[in-house]
Structures are given as C-alpha cells and as structure tokens.
$ cat final_3.pdb   # PDB, C-alpha atoms
ATOM      1  CA  MET A   1      77.715  84.453  74.414  1.00  0.00           C
ATOM      2  CA  LEU A   2      77.009  83.506  78.024  1.00  0.00           C
ATOM      3  CA  ASN A   3      78.099  80.063  79.135  1.00  0.00           C
ATOM      4  CA  TYR A   4      75.621  78.389  81.527  1.00  0.00           C
ATOM      5  CA  ALA A   5      76.796  75.057  82.969  1.00  0.00           C
ATOM      6  CA  HIS A   6      73.701  72.837  83.194  1.00  0.00           C
ATOM      7  CA  ARG A   7      73.572  71.344  86.703  1.00  0.00           C
ATOM      8  CA  GLY A   8      77.262  72.215  86.748  1.00  0.00           C
ATOM      9  CA  ALA A   9      79.732  70.555  84.409  1.00  0.00           C
ATOM     10  CA  SER A  10      77.402  67.575  84.427  1.00  0.00           C
ATOM     11  CA  ALA A  11      79.028  65.773  81.508  1.00  0.00           C
ATOM     12  CA  TYR A  12      82.127  65.362  83.688  1.00  0.00           C
ATOM     13  CA  ARG A  13      80.919  65.331  87.301  1.00  0.00           C
ATOM     14  CA  PRO A  14      77.718  64.130  89.048  1.00  0.00           C
ATOM     15  CA  GLU A  15      75.015  66.693  88.375  1.00  0.00           C
ATOM     16  CA  ASN A  16      73.970  69.311  90.927  1.00  0.00           C
ATOM     17  CA  THR A  17      76.890  68.602  93.238  1.00  0.00           C
ATOM     18  CA  LEU A  18      79.619  70.881  94.529  1.00  0.00           C
ATOM     19  CA  ALA A  19      82.070  68.852  92.437  1.00  0.00           C
ATOM     20  CA  ALA A  20      80.114  69.649  89.262  1.00  0.00           C
ATOM     21  CA  PHE A  21      79.838  73.350  90.063  1.00  0.00           C
ATOM     22  CA  ASP A  22      83.513  73.633  90.949  1.00  0.00           C
ATOM     23  CA  ARG A  23      84.499  71.911  87.699  1.00  0.00           C
ATOM     24  CA  ALA A  24      82.250  74.272  85.723  1.00  0.00           C
ATOM     25  CA  ALA A  25      84.375  77.186  86.898  1.00  0.00           C
ATOM     26  CA  ASP A  26      87.523  75.382  85.766  1.00  0.00           C
ATOM     27  CA  LEU A  27      86.015  74.871  82.304  1.00  0.00           C
ATOM     28  CA  GLY A  28      85.100  78.496  81.683  1.00  0.00           C
ATOM     29  CA  ALA A  29      81.445  78.681  82.693  1.00  0.00           C
ATOM     30  CA  GLN A  30      80.168  82.094  83.689  1.00  0.00           C
ATOM     31  CA  TYR A  31      77.009  80.781  85.344  1.00  0.00           C
ATOM     32  CA  VAL A  32      75.857  77.483  86.769  1.00  0.00           C
ATOM     33  CA  GLU A  33      72.294  76.306  86.301  1.00  0.00           C
ATOM     34  CA  LEU A  34      70.778  74.330  89.164  1.00  0.00           C
ATOM     35  CA  ASP A  35      67.465  73.043  90.520  1.00  0.00           C
ATOM     36  CA  VAL A  36      66.030  73.968  93.913  1.00  0.00           C
ATOM     37  CA  GLN A  37      63.559  72.004  96.044  1.00  0.00           C
ATOM     38  CA  ARG A  38      62.624  72.012  99.747  1.00  0.00           C
ATOM     39  CA  THR A  39      63.122  69.316 102.363  1.00  0.00           C
ATOM     40  CA  ALA A  40      60.589  68.089 104.889  1.00  0.00           C
ATOM     41  CA  ASP A  41      62.132  70.382 107.507  1.00  0.00           C
ATOM     42  CA  GLY A  42      62.109  73.434 105.243  1.00  0.00           C
ATOM     43  CA  VAL A  43      65.672  73.618 103.903  1.00  0.00           C
ATOM     44  CA  LEU A  44      66.378  74.525 100.268  1.00  0.00           C
ATOM     45  CA  VAL A  45      68.467  71.841  98.576  1.00  0.00           C
ATOM     46  CA  VAL A  46      69.841  71.382  95.076  1.00  0.00           C
ATOM     47  CA  LEU A  47      68.497  68.363  93.216  1.00  0.00           C
ATOM     48  CA  HIS A  48      66.729  67.893  89.894  1.00  0.00           C
ATOM     49  CA  ASP A  49      64.396  64.907  90.249  1.00  0.00           C
ATOM     50  CA  ASP A  50      61.366  64.821  92.528  1.00  0.00           C
ATOM     51  CA  THR A  51      62.614  61.470  93.821  1.00  0.00           C
ATOM     52  CA  LEU A  52      66.011  60.338  95.025  1.00  0.00           C
ATOM     53  CA  LEU A  53      66.149  57.079  93.091  1.00  0.00           C
ATOM     54  CA  ARG A  54      68.147  58.054  89.990  1.00  0.00           C
ATOM     55  CA  THR A  55      71.013  59.997  91.544  1.00  0.00           C
ATOM     56  CA  THR A  56      71.388  58.661  95.091  1.00  0.00           C
ATOM     57  CA  ASN A  57      71.473  55.432  97.101  1.00  0.00           C
ATOM     58  CA  ALA A  58      68.278  56.323  98.984  1.00  0.00           C
ATOM     59  CA  ALA A  59      66.566  52.996  98.215  1.00  0.00           C
ATOM     60  CA  SER A  60      69.327  51.004  99.907  1.00  0.00           C
ATOM     61  CA  ALA A  61      70.031  53.536 102.647  1.00  0.00           C
ATOM     62  CA  PHE A  62      66.349  53.867 103.607  1.00  0.00           C
ATOM     63  CA  PRO A  63      64.792  50.583 102.413  1.00  0.00           C
ATOM     64  CA  ASP A  64      61.716  50.836 104.632  1.00  0.00           C
ATOM     65  CA  ARG A  65      60.577  54.301 103.558  1.00  0.00           C
ATOM     66  CA  PRO A  66      57.183  54.370 101.803  1.00  0.00           C
ATOM     67  CA  SER A  67      58.594  56.741  99.178  1.00  0.00           C
ATOM     68  CA  TRP A  68      61.860  58.351  98.193  1.00  0.00           C
ATOM     69  CA  THR A  69      60.445  61.771  97.377  1.00  0.00           C
ATOM     70  CA  VAL A  70      62.854  64.586  98.191  1.00  0.00           C
ATOM     71  CA  ALA A  71      60.203  66.549 100.096  1.00  0.00           C
ATOM     72  CA  ASP A  72      59.653  63.622 102.496  1.00  0.00           C
ATOM     73  CA  PHE A  73      63.248  63.663 103.776  1.00  0.00           C
ATOM     74  CA  THR A  74      64.933  66.019 106.224  1.00  0.00           C
ATOM     75  CA  VAL A  75      68.112  67.754 105.188  1.00  0.00           C
ATOM     76  CA  ALA A  76      70.070  65.655 107.698  1.00  0.00           C
ATOM     77  CA  GLU A  77      68.764  62.474 106.072  1.00  0.00           C
ATOM     78  CA  LEU A  78      69.519  63.741 102.579  1.00  0.00           C
ATOM     79  CA  GLN A  79      73.069  64.613 103.462  1.00  0.00           C
ATOM     80  CA  THR A  80      73.818  61.047 104.551  1.00  0.00           C
ATOM     81  CA  LEU A  81      73.184  59.886 100.983  1.00  0.00           C
ATOM     82  CA  ASP A  82      75.708  59.160  98.256  1.00  0.00           C
ATOM     83  CA  ALA A  83      74.897  61.450  95.305  1.00  0.00           C
ATOM     84  CA  GLY A  84      78.018  60.647  93.299  1.00  0.00           C
ATOM     85  CA  SER A  85      78.541  56.912  92.828  1.00  0.00           C
ATOM     86  CA  TRP A  86      75.703  56.600  90.289  1.00  0.00           C
ATOM     87  CA  PHE A  87      77.841  58.747  87.969  1.00  0.00           C
ATOM     88  CA  ASP A  88      81.277  57.321  88.756  1.00  0.00           C
ATOM     89  CA  ILE A  89      82.655  55.466  91.743  1.00  0.00           C
ATOM     90  CA  ARG A  90      85.370  58.141  92.012  1.00  0.00           C
ATOM     91  CA  TYR A  91      82.664  60.494  93.313  1.00  0.00           C
ATOM     92  CA  GLY A  92      81.311  58.112  95.910  1.00  0.00           C
ATOM     93  CA  GLY A  93      80.092  59.974  98.966  1.00  0.00           C
ATOM     94  CA  GLU A  94      79.460  63.260  97.156  1.00  0.00           C
ATOM     95  CA  PRO A  95      76.546  64.784  99.108  1.00  0.00           C
ATOM     96  CA  ILE A  96      73.381  66.559  98.038  1.00  0.00           C
ATOM     97  CA  PRO A  97      74.238  70.226  98.690  1.00  0.00           C
ATOM     98  CA  THR A  98      72.043  72.836 100.268  1.00  0.00           C
ATOM     99  CA  LEU A  99      71.444  76.006  98.295  1.00  0.00           C
ATOM    100  CA  ALA A 100      73.406  77.919 100.945  1.00  0.00           C
ATOM    101  CA  GLU A 101      76.441  75.688 100.393  1.00  0.00           C
ATOM    102  CA  VAL A 102      76.281  76.200  96.638  1.00  0.00           C
ATOM    103  CA  LEU A 103      75.961  79.960  96.986  1.00  0.00           C
ATOM    104  CA  ASP A 104      79.127  80.025  99.093  1.00  0.00           C
ATOM    105  CA  LEU A 105      80.980  78.073  96.391  1.00  0.00           C
ATOM    106  CA  LEU A 106      79.724  80.399  93.649  1.00  0.00           C
ATOM    107  CA  ARG A 107      81.002  83.390  95.586  1.00  0.00           C
ATOM    108  CA  ARG A 108      84.433  81.808  95.998  1.00  0.00           C
ATOM    109  CA  ARG A 109      84.655  80.812  92.326  1.00  0.00           C
ATOM    110  CA  ASP A 110      83.119  84.042  90.983  1.00  0.00           C
ATOM    111  CA  LEU A 111      80.265  82.250  89.224  1.00  0.00           C
ATOM    112  CA  GLY A 112      76.816  83.584  88.418  1.00  0.00           C
ATOM    113  CA  LEU A 113      73.655  81.628  89.164  1.00  0.00           C
ATOM    114  CA  LEU A 114      70.787  80.465  86.961  1.00  0.00           C
ATOM    115  CA  LEU A 115      68.351  79.070  89.520  1.00  0.00           C
ATOM    116  CA  GLU A 116      65.421  76.918  88.436  1.00  0.00           C
ATOM    117  CA  ALA A 117      62.572  76.588  90.907  1.00  0.00           C
ATOM    118  CA  LYS A 118      61.627  72.935  90.529  1.00  0.00           C
ATOM    119  CA  SER A 119      57.905  72.155  90.826  1.00  0.00           C
ATOM    120  CA  PRO A 120      57.264  75.267  92.939  1.00  0.00           C
ATOM    121  CA  ASP A 121      53.551  74.489  93.160  1.00  0.00           C
ATOM    122  CA  LYS A 122      54.483  71.670  95.568  1.00  0.00           C
ATOM    123  CA  PHE A 123      56.200  74.062  97.979  1.00  0.00           C
ATOM    124  CA  PRO A 124      53.942  76.881  99.188  1.00  0.00           C
ATOM    125  CA  GLY A 125      55.898  80.046  99.930  1.00  0.00           C
ATOM    126  CA  ILE A 126      59.045  78.907  98.158  1.00  0.00           C
ATOM    127  CA  ALA A 127      59.335  82.100  96.085  1.00  0.00           C
ATOM    128  CA  THR A 128      59.765  84.192  99.221  1.00  0.00           C
ATOM    129  CA  GLN A 129      62.072  81.593 100.778  1.00  0.00           C
ATOM    130  CA  ILE A 130      64.339  81.538  97.719  1.00  0.00           C
ATOM    131  CA  ALA A 131      64.416  85.337  97.671  1.00  0.00           C
ATOM    132  CA  ASP A 132      65.353  85.480 101.368  1.00  0.00           C
ATOM    133  CA  GLU A 133      68.176  82.995 100.801  1.00  0.00           C
ATOM    134  CA  LEU A 134      69.516  84.924  97.821  1.00  0.00           C
ATOM    135  CA  LEU A 135      69.423  88.207  99.704  1.00  0.00           C
ATOM    136  CA  THR A 136      71.975  86.813 102.160  1.00  0.00           C
ATOM    137  CA  GLN A 137      74.455  86.896  99.261  1.00  0.00           C
ATOM    138  CA  ARG A 138      74.915  90.625  98.798  1.00  0.00           C
ATOM    139  CA  TRP A 139      77.658  90.112  96.194  1.00  0.00           C
ATOM    140  CA  MET A 140      75.000  88.954  93.736  1.00  0.00           C
ATOM    141  CA  PHE A 141      73.302  92.336  93.900  1.00  0.00           C
ATOM    142  CA  ARG A 142      76.281  94.651  93.496  1.00  0.00           C
ATOM    143  CA  ALA A 143      75.682  97.572  91.160  1.00  0.00           C
ATOM    144  CA  GLY A 144      76.478  96.529  87.607  1.00  0.00           C
ATOM    145  CA  ALA A 145      76.969  92.864  88.481  1.00  0.00           C
ATOM    146  CA  ALA A 146      74.416  90.699  86.685  1.00  0.00           C
ATOM    147  CA  ARG A 147      75.087  87.531  88.628  1.00  0.00           C
ATOM    148  CA  LEU A 148      71.618  86.108  89.111  1.00  0.00           C
ATOM    149  CA  VAL A 149      68.786  84.736  86.978  1.00  0.00           C
ATOM    150  CA  VAL A 150      65.746  82.902  88.370  1.00  0.00           C
ATOM    151  CA  GLU A 151      63.721  80.709  86.015  1.00  0.00           C
ATOM    152  CA  SER A 152      60.927  78.163  85.991  1.00  0.00           C
ATOM    153  CA  PHE A 153      58.470  76.353  83.744  1.00  0.00           C
ATOM    154  CA  ASP A 154      55.785  77.480  86.190  1.00  0.00           C
ATOM    155  CA  ALA A 155      54.204  80.710  84.931  1.00  0.00           C
ATOM    156  CA  ASP A 156      52.563  81.488  88.278  1.00  0.00           C
ATOM    157  CA  PHE A 157      55.917  81.242  90.051  1.00  0.00           C
ATOM    158  CA  ILE A 158      57.528  83.662  87.585  1.00  0.00           C
ATOM    159  CA  ARG A 159      54.757  86.182  88.115  1.00  0.00           C
ATOM    160  CA  GLU A 160      55.003  85.818  91.895  1.00  0.00           C
ATOM    161  CA  PHE A 161      58.771  86.137  91.960  1.00  0.00           C
ATOM    162  CA  ARG A 162      58.546  89.370  89.974  1.00  0.00           C
ATOM    163  CA  THR A 163      56.635  90.872  92.895  1.00  0.00           C
ATOM    164  CA  VAL A 164      59.012  89.423  95.518  1.00  0.00           C
ATOM    165  CA  LEU A 165      62.300  90.569  93.949  1.00  0.00           C
ATOM    166  CA  PRO A 166      61.298  92.977  91.183  1.00  0.00           C
ATOM    167  CA  ARG A 167      64.793  93.734  89.868  1.00  0.00           C
ATOM    168  CA  VAL A 168      66.038  90.185  89.485  1.00  0.00           C
ATOM    169  CA  THR A 169      66.367  88.836  85.932  1.00  0.00           C
ATOM    170  CA  LEU A 170      63.617  86.274  85.303  1.00  0.00           C
ATOM    171  CA  GLY A 171      63.503  83.533  82.700  1.00  0.00           C
ATOM    172  CA  LEU A 172      60.534  81.547  81.457  1.00  0.00           C
ATOM    173  CA  LEU A 173      61.469  77.996  80.517  1.00  0.00           C
ATOM    174  CA  GLY A 174      59.757  76.616  77.454  1.00  0.00           C
ATOM    175  CA  SER A 175      58.485  77.983  74.148  1.00  0.00           C
ATOM    176  CA  PRO A 176      55.372  80.140  74.465  1.00  0.00           C
ATOM    177  CA  GLU A 177      53.576  80.986  71.236  1.00  0.00           C
ATOM    178  CA  ILE A 178      54.847  84.050  69.396  1.00  0.00           C
ATOM    179  CA  ALA A 179      51.472  85.689  70.032  1.00  0.00           C
ATOM    180  CA  GLN A 180      52.105  85.360  73.781  1.00  0.00           C
ATOM    181  CA  LEU A 181      55.534  86.996  73.776  1.00  0.00           C
ATOM    182  CA  GLU A 182      54.223  90.536  74.146  1.00  0.00           C
ATOM    183  CA  SER A 183      52.454  89.701  77.394  1.00  0.00           C
ATOM    184  CA  TRP A 184      55.433  87.725  78.663  1.00  0.00           C
ATOM    185  CA  SER A 185      57.753  90.653  77.980  1.00  0.00           C
ATOM    186  CA  ARG A 186      55.983  92.509  80.799  1.00  0.00           C
ATOM    187  CA  VAL A 187      57.025  89.803  83.275  1.00  0.00           C
ATOM    188  CA  ALA A 188      60.088  87.930  81.997  1.00  0.00           C
ATOM    189  CA  ASP A 189      63.508  89.041  80.768  1.00  0.00           C
ATOM    190  CA  GLN A 190      64.449  85.753  79.133  1.00  0.00           C
ATOM    191  CA  ILE A 191      62.721  82.995  77.166  1.00  0.00           C
ATOM    192  CA  ASN A 192      64.719  79.785  77.581  1.00  0.00           C
ATOM    193  CA  PRO A 193      63.499  77.048  75.203  1.00  0.00           C
ATOM    194  CA  HIS A 194      64.835  73.626  74.328  1.00  0.00           C
ATOM    195  CA  HIS A 195      67.424  74.025  71.594  1.00  0.00           C
ATOM    196  CA  LEU A 196      65.852  71.491  69.235  1.00  0.00           C
ATOM    197  CA  GLY A 197      63.628  73.120  66.662  1.00  0.00           C
ATOM    198  CA  LEU A 198      64.624  76.654  67.605  1.00  0.00           C
ATOM    199  CA  THR A 199      64.229  78.880  64.534  1.00  0.00           C
ATOM    200  CA  GLN A 200      65.481  82.269  63.446  1.00  0.00           C
ATOM    201  CA  ASP A 201      61.930  83.597  63.339  1.00  0.00           C
ATOM    202  CA  TYR A 202      61.327  82.607  66.939  1.00  0.00           C
ATOM    203  CA  VAL A 203      64.631  84.078  68.171  1.00  0.00           C
ATOM    204  CA  ASP A 204      63.910  87.303  66.272  1.00  0.00           C
ATOM    205  CA  ALA A 205      60.411  87.520  67.760  1.00  0.00           C
ATOM    206  CA  ILE A 206      61.787  87.197  71.290  1.00  0.00           C
ATOM    207  CA  HIS A 207      64.339  89.911  70.572  1.00  0.00           C
ATOM    208  CA  GLU A 208      61.672  92.178  69.102  1.00  0.00           C
ATOM    209  CA  HIS A 209      59.922  92.043  72.464  1.00  0.00           C
ATOM    210  CA  GLY A 210      63.063  93.013  74.350  1.00  0.00           C
ATOM    211  CA  MET A 211      63.905  89.617  75.840  1.00  0.00           C
ATOM    212  CA  THR A 212      66.963  87.391  75.495  1.00  0.00           C
ATOM    213  CA  VAL A 213      67.190  83.727  74.486  1.00  0.00           C
ATOM    214  CA  ASN A 214      69.186  81.056  76.329  1.00  0.00           C
ATOM    215  CA  PRO A 215      68.360  77.584  74.956  1.00  0.00           C
ATOM    216  CA  TRP A 216      69.017  74.277  76.678  1.00  0.00           C
ATOM    217  CA  THR A 217      70.727  71.778  76.619  1.00  0.00           C
ATOM    218  CA  ALA A 218      73.221  71.911  73.727  1.00  0.00           C
ATOM    219  CA  ASP A 219      76.434  69.873  73.898  1.00  0.00           C
ATOM    220  CA  ASP A 220      77.149  68.917  70.300  1.00  0.00           C
ATOM    221  CA  PRO A 221      79.505  71.382  68.552  1.00  0.00           C
ATOM    222  CA  ALA A 222      77.206  71.516  65.514  1.00  0.00           C
ATOM    223  CA  ASP A 223      74.240  72.480  67.718  1.00  0.00           C
ATOM    224  CA  ILE A 224      76.332  75.094  69.500  1.00  0.00           C
ATOM    225  CA  ALA A 225      77.390  76.579  66.149  1.00  0.00           C
ATOM    226  CA  ARG A 226      73.787  76.627  64.914  1.00  0.00           C
ATOM    227  CA  LEU A 227      72.554  78.406  68.045  1.00  0.00           C
ATOM    228  CA  THR A 228      75.377  80.919  67.839  1.00  0.00           C
ATOM    229  CA  ALA A 229      74.384  81.699  64.258  1.00  0.00           C
ATOM    230  CA  LEU A 230      70.795  82.297  65.405  1.00  0.00           C
ATOM    231  CA  GLY A 231      72.029  85.069  67.688  1.00  0.00           C
ATOM    232  CA  VAL A 232      71.095  83.648  71.082  1.00  0.00           C
ATOM    233  CA  GLU A 233      72.564  85.407  74.103  1.00  0.00           C
ATOM    234  CA  GLY A 234      73.593  82.281  76.006  1.00  0.00           C
ATOM    235  CA  ILE A 235      73.674  78.500  75.854  1.00  0.00           C
ATOM    236  CA  ILE A 236      72.853  76.118  78.697  1.00  0.00           C
ATOM    237  CA  THR A 237      75.149  73.107  78.346  1.00  0.00           C
ATOM    238  CA  ASN A 238      76.486  70.037  80.110  1.00  0.00           C
ATOM    239  CA  THR A 239      79.855  70.711  78.448  1.00  0.00           C
ATOM    240  CA  PRO A 240      80.864  74.306  79.271  1.00  0.00           C
ATOM    241  CA  ASP A 241      84.319  73.759  77.777  1.00  0.00           C
ATOM    242  CA  ARG A 242      82.703  73.605  74.293  1.00  0.00           C
ATOM    243  CA  ILE A 243      81.051  77.028  74.360  1.00  0.00           C
TER     244      ILE A 243
END
$ encode --input "final_3.pdb" --output "structure tokens"
Amino acid sequence: MLNYAHRGASAYRPENTLAAFDRAADLGAQYVELDVQRTADGVLVVLHDDTLLRTTNAASAFPDRPSWTVADFTVAELQTLDAGSWFDIRYGGEPIPTLAEVLDLLRRRDLGLLLEAKSPDKFPGIATQIADELLTQRWMFRAGAARLVVESFDADFIREFRTVLPRVTLGLLGSPEIAQLESWSRVADQINPHHLGLTQDYVDAIHEHGMTVNPWTADDPADIARLTALGVEGIITNTPDRI
C-alpha cells in the first residue's frame, strides 16, 4: 500500500508548503501529492487553487490588483505572500514554494512525487516545461527507483505528456467508464478516482486492464480500511500517519 500525502501532510500543516511536505516525511509518507501552476513570468509554483484568496493574504497585500489569479503574479510577488496563517498563525510567513524548491526537499527527505498538472489548458507548453524541470532531478530516474508519477484530470495533457516523457508513470484523475478503460490503458498507468463510491467491480476492471488504482482523498480509518479491502495500490490522504 503506497502512502501519498495529499498536498503534503495537509491535515497538520498548511497545504502545498514546504512545512507540509517535510511533515509528510515524518509521518511515513512515501510520496507527496502536489499541484503545479505557472506564474506570469514563467516559473512553476506549487499551489492548488487558481486564485490566491483562500490560502494567502494576497487581497490585503495587493489590494489594488484587478484579480488575484496565480497566473497574473510574478514569482517574486507570490513569494512575498503569507501562505500559512490561514491554516494556523504558527505558520505565518510560510511562502508559496516553487517546484524546484519542493524537488530539492523531496530529494533530501527521500520522498517520491505525485505531481498534478493543474488546469494545464491555461498554460501552453507546460507539459514540456514540467518535464524539463523534472529532468534536472536525476535521482528520480535512477534504475529501479519509481519515484515519480504525473497526473491530471485533463486527458489531452496526459496524452501529450506520454509523448514528452514516455517512461514516466502517468495517472488519470477521475473515473472513466469501464468501457473506456481499455483505451486508457494504452496511455495511462494509473486511474485515480475519488474514494467515495469506489466499488470492487471498478477496481477489478482497472486491474484487468493492467493499471493501478490510487483513490483520493481518504482520511477516515473506516474509509482507509474499505479501500484496503478493495485491493487498491495506494491511498492519497491528508493524514499519512493513518495509512
């Protein structure tokens, strides 16, 4: 059973921050799941929402901006923001990390990466840019070391990424119809659905087509036990200490 920490140990630290990823390692995670977007000046950063309003102080720090969309800010502007106080004042000043900064932390803590391309249709060329960034981390591609999975809800992105880095493990987020699994098995290695409503028949169908199943986001011990009984290969969770 693989233990994927959803946006890091996000039940205990502000999501998608270095603090959350570091804590995930302490709690036994083998991988961290994170979300990647691109700034106005072309830097890959780690943040879930399209806007900065929920998890940062952007509205007060930049009150005159016409919008608080991540893609409208430079990386220098983003890194002046407080991405921790919304969660707990103890994490005040926690910055939005760049993907490069997170990759360095994962190397130090010996963590694998489950990278979600967030709204890739908004960022032309992002598949190649993500691949180029990942290729700077040669440790992820060591022989026999399965340290990297790239996933998205966007089917076109998954197909494109298969051509950019053919040997990387790819996951399709969501629950395609069973009749579609055969065609997806020629592109994806994983089907990663929401854990609610996941059935034995669906898990078995995915396995019959040679793919693995890694549902999200299960934190309750009863849900974790149910998914384990279904035979999934991994669980994406906010509470990696419970897996």
$ closest_residue --input "final_3.pdb" --among "A:Ala222, A:Ala9, A:Leu148, A:Leu106" --to "Gly28 of chain A" --atoms "all atoms listed in the file"
A:Ala9
$ resolve_selection --input "final_3.pdb" --expression "the PyMOL selection byres ((chain A and resi 111) around 9)" --output "compact mmCIF listing (two decimals) with C-alpha atoms, keeping the file's coordinate frame"
# COMPACT_ATOMS: atom_id res chain seq x y z
CA PHE A 21 79.84 73.35 90.06
CA ALA A 24 82.25 74.27 85.72
CA ALA A 25 84.38 77.19 86.90
CA ALA A 29 81.44 78.68 82.69
CA GLN A 30 80.17 82.09 83.69
CA TYR A 31 77.01 80.78 85.34
CA VAL A 32 75.86 77.48 86.77
CA LEU A 105 80.98 78.07 96.39
CA LEU A 106 79.72 80.40 93.65
CA ARG A 107 81.00 83.39 95.59
CA ARG A 108 84.43 81.81 96.00
CA ARG A 109 84.66 80.81 92.33
CA ASP A 110 83.12 84.04 90.98
CA GLY A 112 76.82 83.58 88.42
CA LEU A 113 73.66 81.63 89.16
CA ARG A 147 75.09 87.53 88.63
$ atom_distance --input "final_3.pdb" --atom1 "atom CA of Glu33 of chain A" --atom2 "atom CA of Ile96 of chain A"
15.3 Å
$ closest_residue --input "final_3.pdb" --among "A:Arg142, A:Tyr202, A:Ser183, A:Pro176" --to "Arg159 of chain A" --atoms "all atoms listed in the file"
A:Ser183
$ residues_around --input "final_3.pdb" --residues "Ser85 of chain A" --least-positions-apart "4" --cutoff "10 Å" --atoms "only C-alpha atoms" --output "number ranges by chain"
A: 14, 55-57, 89-94
$ atom_distance --input "final_3.pdb" --atom1 "atom CA of Thr239 of chain A" --atom2 "atom CA of Gly210 of chain A"
28.2 Å
$ residues_near_point --input "final_3.pdb" --point "(64.2, 90.2, 80.8)" --cutoff "8 Å" --atoms "all atoms listed in the file" --output "PyMOL selection string"
chain A and resi 169-171+185+187-190+210-212
$ residues_around --input "final_3.pdb" --residues "Ala20 of chain A" --least-positions-apart "2" --cutoff "6 Å" --atoms "all atoms listed in the file" --output "list in words"
Gly8, Ala9, Ser10, Arg13, Glu15, Thr17, Leu18, Asp22 and Arg23 of chain A
$ write_last_selection --input "final_3.pdb" --atoms "C-alpha atoms" --output "mmCIF file, in the coordinates of the input"
data_model
loop_
_atom_site.group_PDB
_atom_site.id
_atom_site.type_symbol
_atom_site.label_atom_id
_atom_site.label_comp_id
_atom_site.auth_asym_id
_atom_site.auth_seq_id
_atom_site.Cartn_x
_atom_site.Cartn_y
_atom_site.Cartn_z
ATOM 1 C CA GLY A 8 77.262 72.215 86.748
ATOM 2 C CA ALA A 9 79.732 70.555 84.409
ATOM 3 C CA SER A 10 77.402 67.575 84.427
ATOM 4 C CA ARG A 13 80.919 65.331 87.301
ATOM 5 C CA GLU A 15 75.015 66.693 88.375
ATOM 6 C CA THR A 17 76.890 68.602 93.238
ATOM 7 C CA LEU A 18 79.619 70.881 94.529
ATOM 8 C CA ASP A 22 83.513 73.633 90.949
ATOM 9 C CA ARG A 23 84.499 71.911 87.699
#
$ closest_residue --input "final_3.pdb" --among "A:Leu227, A:Val43, A:Ala179, A:Ala71" --to "Asn214 of chain A" --atoms "all atoms listed in the file"
A:Leu227
$ closest_residue --input "final_3.pdb" --among "A:Ala5, A:Thr39, A:His48, A:Arg65" --to "Ile236 of chain A" --atoms "only C-alpha atoms"
A:Ala5
$ resolve_selection --input "final_3.pdb" --expression "the PyMOL selection byres ((chain A and resi 124-131) around 10)" --output "number ranges by chain"
A: 36-38, 42-44, 99, 115, 117, 120-123, 132-136, 150, 157-158, 160-165, 168
$ closest_residue --input "final_3.pdb" --among "A:Asp41, A:Asp49, A:Glu101, A:Asp204" --to "Val75 of chain A" --atoms "only C-alpha atoms"
A:Asp41
